[in-house]
Each structure stands twice: as structure tokens, then as C-alpha cells.
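To keep things clear, I will list the structure first and then write my remarks on it.
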Amino acid sequence: MIGGTTKLFGLVGHPVTHVRTPQAMNALFERNGLDAVMVPFDVAGADLAACLAGLQRIRNLEGLVVTVPHKMSAVELCRDLTPRAGLAGAVNVLRRVGEDAFAGDMLDGEGFVAGLAAAGHAVAGRRICLVGAGGAASAIAVALAERQPAKLTLINRSRERLLALHERLRSRFPALDVVIGEQVGGHDLVVNATSLGLRADDPLPFDPEQVGPGVVVAEVIMTPEITPILHAAARRGAAIHPGRAMLDGQLDAIFRYFSEDGRIPARQGRGP
Ligand SMILES: NC(=O)c1ccc[n+]([C@@H]2O[C@H](COP(=O)([O-])OP(=O)(O)OC[C@H]3O[C@@H](n4cnc5c(N)ncnc54)[C@H](OP(=O)(O)O)[C@@H]3O)[C@@H](O)[C@H]2O)c1
């Protein structure tokens, strides 16, 4: 039951009809006997700063999950950032600090590699192609770079974001073979980290003719579960890794971030 002692959490995104994190977090709050609830907030890009300024003033609002399209713009609205959020240039979780500010962290990359590991897909020593340079892609790039791939190729539509990500990775990981590319062919693991595939009429994020047996094609999009690029890759004989694994991989990390240090009290009369 939601009451006056309940800690409030939100998910801020646009659109939010497809989100699954609130359902999963509410189940975790329930299972752990914590007095907390998470609800989705549909906030357009131009309204993010005003929205966060208002939410900071709600004293029982403890934290937010930040999703498309706000992960990069929310960085500027945080008082503190973890090093990995600073490097990724993006946040996906915010936590209250003091009475009127949020601190930010980025758990997308950790979730992605945890999901890969759970499915038995290695990163170390593999040639990896990452398509996308937005918030999710930047976080995934950092998490991959930390795990010694043989090579990391970056591809993105807009050149500016691509160059900025490439430069950040080069300065933080000088020993990493990280290059800007055009084609996904010649890699062991190809990751679609763009938002292409979310809408039925989206073009494919890359040419599926360039993948085949022996290649893993991984996705960040969760709905539909098997996106058009995964269908096309599977038809070509590639192994596929759906986006749901990334969320499963990071739910525990999000839950810990929100609940550590006793930030959420137990429900009255109901321990874990
Ligand atoms: N499974 C999970 O747990 C999980 C977690 C986080 C995110 N996601 C998913 O990851 C996706 C990306 O999220 P994000 O936060 O990184 O979004 P974002 O910061 O807005 O970045 C979007 C990316 O997609 C590219 N893109 C968008 N439209 C395009 C088009 N028409 N043609 C070519 N490229 C296009 C963008 O390229 P430009 O730079 O050129 O604009 C950019 O690289 C979303 O679908 C989100 O649902 C999944």
C-alpha cells in the first residue's frame, strides 16, 4: 500500500509506453519488503530541466531512472557524477543528494556486459563493432573498453557524437584499438545501440548481409523482443542476443543504487 512513508521513484523518458523498468523495480521493492514505488513520467526533451528542478523539491522523491532521450542532457542537471557517468557523458540513474540536487550514475554498460556474460558471450579478445553513439552506446563503449576487446569499431549517423565518443575512449584507454568505421563486417560481435528498431517503420541500423555464422548480433532495444535486425541476422545464421538481457543484467545494480545505505525503509510490519 502506498502511504505517507513511501519513498517515491520515477522513470523519466519520452515516450514511456514501452518501458519495463518500473514493473521490474516495483516487483523488487515488493519482494524485498521495501516501502517504495516507481512510476513512469512522460517528459518531452525541452521540459527535462524544468521537470527535474520540480522533482528535486519533492522531499520524498528519492531517485529517478533516466531513459531516452534524456540520458545525455540529464548529465548537466546533476550536482555529482560517478567517473563512469562522466566518461560516458550520460546518466541513467539519479539519486537525491541533499535537499535540492541529484547525483548521477550510468549502469547501462554494466548491464549490457552482465547480460552478455550471462548468455556466455565473451568480450575480452573479440573484435567488436558498436553502432550508435548516444547515451546507451557511450555507456556500453566504456564497459566494453574496460574488458580488453581485441578491437572496438564505432559507427554512428552523426559525426559529431561519434568523434566525441572516440576521443573520450582514446584518452581514457590509450592501449585500446578503437577506430571509427563504416561497415559492421569483419567483427565477432556487432551491437545495435541505436534506437532504430523501436518503431515499425525504422530503417535497419546496419546491413545484415555483413553478418553471418560465427558472429553474435546484440541488441539494446527491448520491444519488440526480436527486432527486424535480429530477425535478419538470425536468417543469415548469426547468433542473436536480444535487448532484454541488458535490462535483466542491470536491474540488480539499479536496485542496489536506490536502496543502499538503508535509503528505503522496510514496509511497516513487513520485513524482507
Ligand atoms: N535494454 C536496455 O536495458 C536498454 C537500456 C538503455 C537503452 N536502451 C535502448 O537503447 C536505445 C538508445 O538509447 P539512448 O539512450 O542511447 O538514445 P539516444 O542517446 O537518443 O541515442 C540514440 C542513438 O540512435 C541513433 N539514431 C536514432 N535515430 C536514428 C536514425 N534515424 N538513423 C540512424 N541513427 C539513429 C542516434 O544517432 P545520432 O547520434 O546520429 O542521433 C544515436 O546513436 C533505445 O532504443 C533504448 O530503448 C535499452
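Chain lettering (A, B, ...) mirrors the order of the C-alpha cells, residue numbering begins at 1 for each chain separately, and ligand numbering begins at 1 in order of display.
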For this session: Once DSSP has gone over the backbone, tell me which residues of range 29-245 of chain A are in strand (DSSP E or B), as a ChimeraX atom specification.
Result: /A:34,36-42,61-66,80-81,93-97,101-105,127-131,151-155,178-180,189-192,216-219,239-241
For the residues selected in the previous step, produce a file with C-alpha atoms as a short mmCIF file (atom, residue, chain, number, x, y, z; two decimals), in the first residue's frame.
```cif
data_model
loop_
_atom_site.label_atom_id
_atom_site.label_comp_id
_atom_site.auth_asym_id
_atom_site.auth_seq_id
_atom_site.Cartn_x
_atom_site.Cartn_y
_atom_site.Cartn_z
CA LEU A 34 10.60 -2.11 0.93
CA ALA A 36 8.82 2.32 -2.23
CA VAL A 37 7.13 2.69 -5.59
CA MET A 38 8.28 3.64 -9.10
CA VAL A 39 6.09 5.34 -11.71
CA PRO A 40 6.86 6.37 -15.32
CA PHE A 41 6.85 10.12 -16.19
CA ASP A 42 6.42 11.05 -19.88
CA LEU A 61 11.19 11.53 -4.15
CA GLU A 62 14.45 9.59 -3.76
CA GLY A 63 15.57 8.82 -7.26
CA LEU A 64 14.92 8.54 -10.98
CA VAL A 65 15.70 6.19 -13.81
CA VAL A 66 16.52 8.28 -16.89
CA ASP A 80 27.77 14.96 -8.86
CA LEU A 81 28.66 12.26 -11.38
CA VAL A 93 20.05 6.74 -12.66
CA LEU A 94 19.79 9.77 -10.39
CA ARG A 95 19.76 9.75 -6.62
CA ARG A 96 18.87 12.57 -4.26
CA VAL A 97 21.82 14.37 -2.63
CA ALA A 101 20.01 18.14 -6.03
CA PHE A 102 20.60 14.84 -7.81
CA ALA A 103 23.77 12.77 -8.25
CA GLY A 104 24.05 10.62 -11.38
CA ASP A 105 25.47 7.25 -12.35
CA ARG A 127 36.57 -7.75 -32.43
CA ILE A 128 33.53 -5.66 -31.57
CA CYS A 129 31.54 -3.20 -33.66
CA LEU A 130 29.30 -0.76 -31.80
CA VAL A 131 26.61 1.03 -33.83
CA LYS A 151 39.34 -4.13 -31.34
CA LEU A 152 36.43 -1.71 -30.94
CA THR A 153 34.93 -0.13 -34.06
CA LEU A 154 32.50 2.76 -33.65
CA ILE A 155 29.81 3.66 -36.21
CA VAL A 178 39.42 1.89 -31.06
CA VAL A 179 38.60 3.09 -34.57
CA ILE A 180 35.84 4.89 -36.42
CA LEU A 189 30.25 -9.12 -32.04
CA VAL A 190 28.05 -6.40 -33.57
CA VAL A 191 25.92 -4.30 -31.24
CA ASN A 192 22.94 -2.21 -32.29
CA VAL A 216 26.92 -12.50 -32.44
CA VAL A 217 24.47 -9.67 -33.12
CA ALA A 218 23.37 -7.97 -29.91
CA GLU A 219 20.54 -5.50 -29.47
CA ALA A 239 23.72 -15.81 -33.14
CA ILE A 240 21.38 -13.17 -31.68
CA HIS A 241 21.30 -11.54 -28.26
#
```
For this session: Please identify the residues whose atoms come within 7 Å of ligand 1, using only C-alpha atoms and all ligand atoms, and report them as number ranges by chain.
Result: A: 67-72, 108, 111, 132-137, 156-158, 161, 193-196, 198, 202, 205, 220-222, 243-247
For this session: Name the residues of range 85-216 of chain A that fall into helix (DSSP H, G or I) according to DSSP on the backbone, using the chain letters and numbers of this document, as a PyMOL selection string.
Result: chain A and resi 85-88+108-118+135-145+159-172+208-210
Could you save those same residues with N, CA and C atoms as a compact mmCIF listing (two decimals), in the first residue's frame?
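Contents of out09.txt, as written:
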```
# COMPACT_ATOMS: atom_id res chain seq x y z
N ALA A 85 30.03 7.65 -15.38
CA ALA A 85 29.00 8.51 -15.99
C ALA A 85 29.66 9.69 -16.70
N GLY A 86 30.71 10.24 -16.08
CA GLY A 86 31.43 11.35 -16.70
C GLY A 86 32.07 10.91 -18.01
N LEU A 87 32.64 9.72 -18.02
CA LEU A 87 33.30 9.20 -19.21
C LEU A 87 32.29 8.90 -20.31
N ALA A 88 31.18 8.32 -19.94
CA ALA A 88 30.14 8.00 -20.93
C ALA A 88 29.43 9.26 -21.40
N ASP A 108 23.99 1.41 -17.63
CA ASP A 108 23.64 0.70 -18.87
C ASP A 108 24.76 -0.23 -19.36
N GLY A 109 25.98 0.26 -19.32
CA GLY A 109 27.09 -0.53 -19.84
C GLY A 109 27.33 -1.77 -19.01
N GLU A 110 27.27 -1.58 -17.69
CA GLU A 110 27.46 -2.73 -16.79
C GLU A 110 26.36 -3.76 -17.04
N GLY A 111 25.13 -3.28 -17.23
CA GLY A 111 24.02 -4.18 -17.51
C GLY A 111 24.22 -4.94 -18.81
N PHE A 112 24.72 -4.22 -19.82
CA PHE A 112 24.91 -4.86 -21.12
C PHE A 112 25.95 -5.99 -21.01
N VAL A 113 27.10 -5.72 -20.38
CA VAL A 113 28.13 -6.78 -20.32
C VAL A 113 27.70 -7.90 -19.36
N ALA A 114 26.93 -7.57 -18.32
CA ALA A 114 26.43 -8.64 -17.45
C ALA A 114 25.48 -9.55 -18.24
N GLY A 115 24.65 -8.95 -19.09
CA GLY A 115 23.74 -9.73 -19.94
C GLY A 115 24.49 -10.61 -20.93
N LEU A 116 25.55 -10.04 -21.53
CA LEU A 116 26.37 -10.84 -22.46
C LEU A 116 26.99 -12.02 -21.74
N ALA A 117 27.57 -11.73 -20.55
CA ALA A 117 28.25 -12.79 -19.80
C ALA A 117 27.26 -13.89 -19.43
N ALA A 118 26.04 -13.50 -19.03
CA ALA A 118 25.04 -14.49 -18.63
C ALA A 118 24.68 -15.40 -19.80
N GLY A 135 23.49 7.88 -25.52
CA GLY A 135 23.72 7.57 -24.12
C GLY A 135 24.01 6.10 -23.86
N ALA A 136 23.16 5.23 -24.38
CA ALA A 136 23.35 3.79 -24.15
C ALA A 136 24.64 3.32 -24.80
N ALA A 137 24.86 3.76 -26.05
CA ALA A 137 26.07 3.33 -26.76
C ALA A 137 27.33 3.79 -26.04
N SER A 138 27.33 5.01 -25.53
CA SER A 138 28.53 5.54 -24.85
C SER A 138 28.82 4.72 -23.60
N ALA A 139 27.78 4.38 -22.86
CA ALA A 139 27.98 3.58 -21.65
C ALA A 139 28.47 2.18 -22.00
N ILE A 140 27.91 1.60 -23.04
CA ILE A 140 28.34 0.26 -23.48
C ILE A 140 29.80 0.32 -23.94
N ALA A 141 30.15 1.38 -24.65
CA ALA A 141 31.53 1.53 -25.14
C ALA A 141 32.51 1.51 -23.97
N VAL A 142 32.20 2.23 -22.91
CA VAL A 142 33.10 2.29 -21.75
C VAL A 142 33.21 0.90 -21.10
N ALA A 143 32.06 0.25 -20.91
CA ALA A 143 32.08 -1.07 -20.25
C ALA A 143 32.83 -2.10 -21.11
N LEU A 144 32.66 -2.02 -22.44
CA LEU A 144 33.41 -2.93 -23.33
C LEU A 144 34.90 -2.63 -23.26
N ALA A 145 35.24 -1.34 -23.32
CA ALA A 145 36.65 -0.93 -23.33
C ALA A 145 37.37 -1.41 -22.07
N ARG A 159 28.29 12.56 -37.07
CA ARG A 159 29.75 12.53 -36.95
C ARG A 159 30.22 13.15 -35.63
N GLU A 160 29.53 14.19 -35.21
CA GLU A 160 30.00 14.94 -34.04
C GLU A 160 30.01 14.05 -32.79
N ARG A 161 28.90 13.35 -32.55
CA ARG A 161 28.82 12.46 -31.38
C ARG A 161 29.84 11.34 -31.49
N LEU A 162 30.03 10.85 -32.72
CA LEU A 162 30.95 9.75 -32.96
C LEU A 162 32.38 10.17 -32.61
N LEU A 163 32.79 11.33 -33.10
CA LEU A 163 34.15 11.81 -32.84
C LEU A 163 34.35 12.06 -31.35
N ALA A 164 33.34 12.60 -30.69
CA ALA A 164 33.46 12.91 -29.26
C ALA A 164 33.63 11.61 -28.46
N LEU A 165 32.85 10.58 -28.79
CA LEU A 165 32.98 9.30 -28.08
C LEU A 165 34.34 8.68 -28.35
N HIS A 166 34.76 8.72 -29.60
CA HIS A 166 36.07 8.15 -29.98
C HIS A 166 37.18 8.84 -29.19
N GLU A 167 37.12 10.14 -29.08
CA GLU A 167 38.16 10.89 -28.39
C GLU A 167 38.18 10.56 -26.89
N ARG A 168 36.99 10.47 -26.30
CA ARG A 168 36.93 10.13 -24.86
C ARG A 168 37.54 8.76 -24.59
N LEU A 169 37.22 7.79 -25.47
CA LEU A 169 37.75 6.44 -25.28
C LEU A 169 39.26 6.40 -25.48
N ARG A 170 39.73 7.13 -26.49
CA ARG A 170 41.17 7.13 -26.76
C ARG A 170 41.97 7.72 -25.60
N SER A 171 41.42 8.77 -25.01
CA SER A 171 42.21 9.38 -23.92
C SER A 171 42.12 8.55 -22.64
N ARG A 172 41.00 7.87 -22.40
CA ARG A 172 40.87 7.09 -21.17
C ARG A 172 41.51 5.70 -21.30
N PRO A 208 22.48 -6.23 -42.80
CA PRO A 208 22.61 -7.57 -42.23
C PRO A 208 23.38 -8.54 -43.13
N GLU A 209 23.56 -8.16 -44.40
CA GLU A 209 24.33 -9.03 -45.30
C GLU A 209 25.79 -9.15 -44.83
N GLN A 210 26.21 -8.25 -43.94
CA GLN A 210 27.61 -8.27 -43.50
C GLN A 210 27.84 -9.15 -42.26
```
Exercise. Expressed in Å to a single decimal, how great is the separation between CA of Arg126 in chain A and CA of Leu204 in chain A?
Worked result: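 These atoms are spaced 23.7 Å apart.
Comparing the minimum interatomic distances between Val43 in chain A and each of A:Gln250, A:Thr17, A:Gln148, A:Asn60, counting only C-alpha atoms, we find that A:Thr17 sits nearest.
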Problem set entry | A:Asn32, A:Asn26, A:Ser73, A:Thr82 ranked by distance to Ala46 in chain A, top pick (using only C-alpha atoms) |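 That would be A:Ser73, the residue with the smallest distance to Ala46 in chain A.
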Seminar exercise, completed: Expressed in Å, the length from CA of Ala119 in chain A to CA of Ala233 in chain A is 17.3 Å
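Pairwise distance (CA of Gly125 in chain A, CA of Thr227 in chain A) equals 27.2 Å.
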For this session: Could you check which of A:Leu48, A:Ala238, A:Met106, A:Asn92 is closest to Thr21 in chain A, using only C-alpha atoms?
Result: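 Once distances to Thr21 in chain A are computed over only C-alpha atoms, the minimum belongs to A:Asn92.
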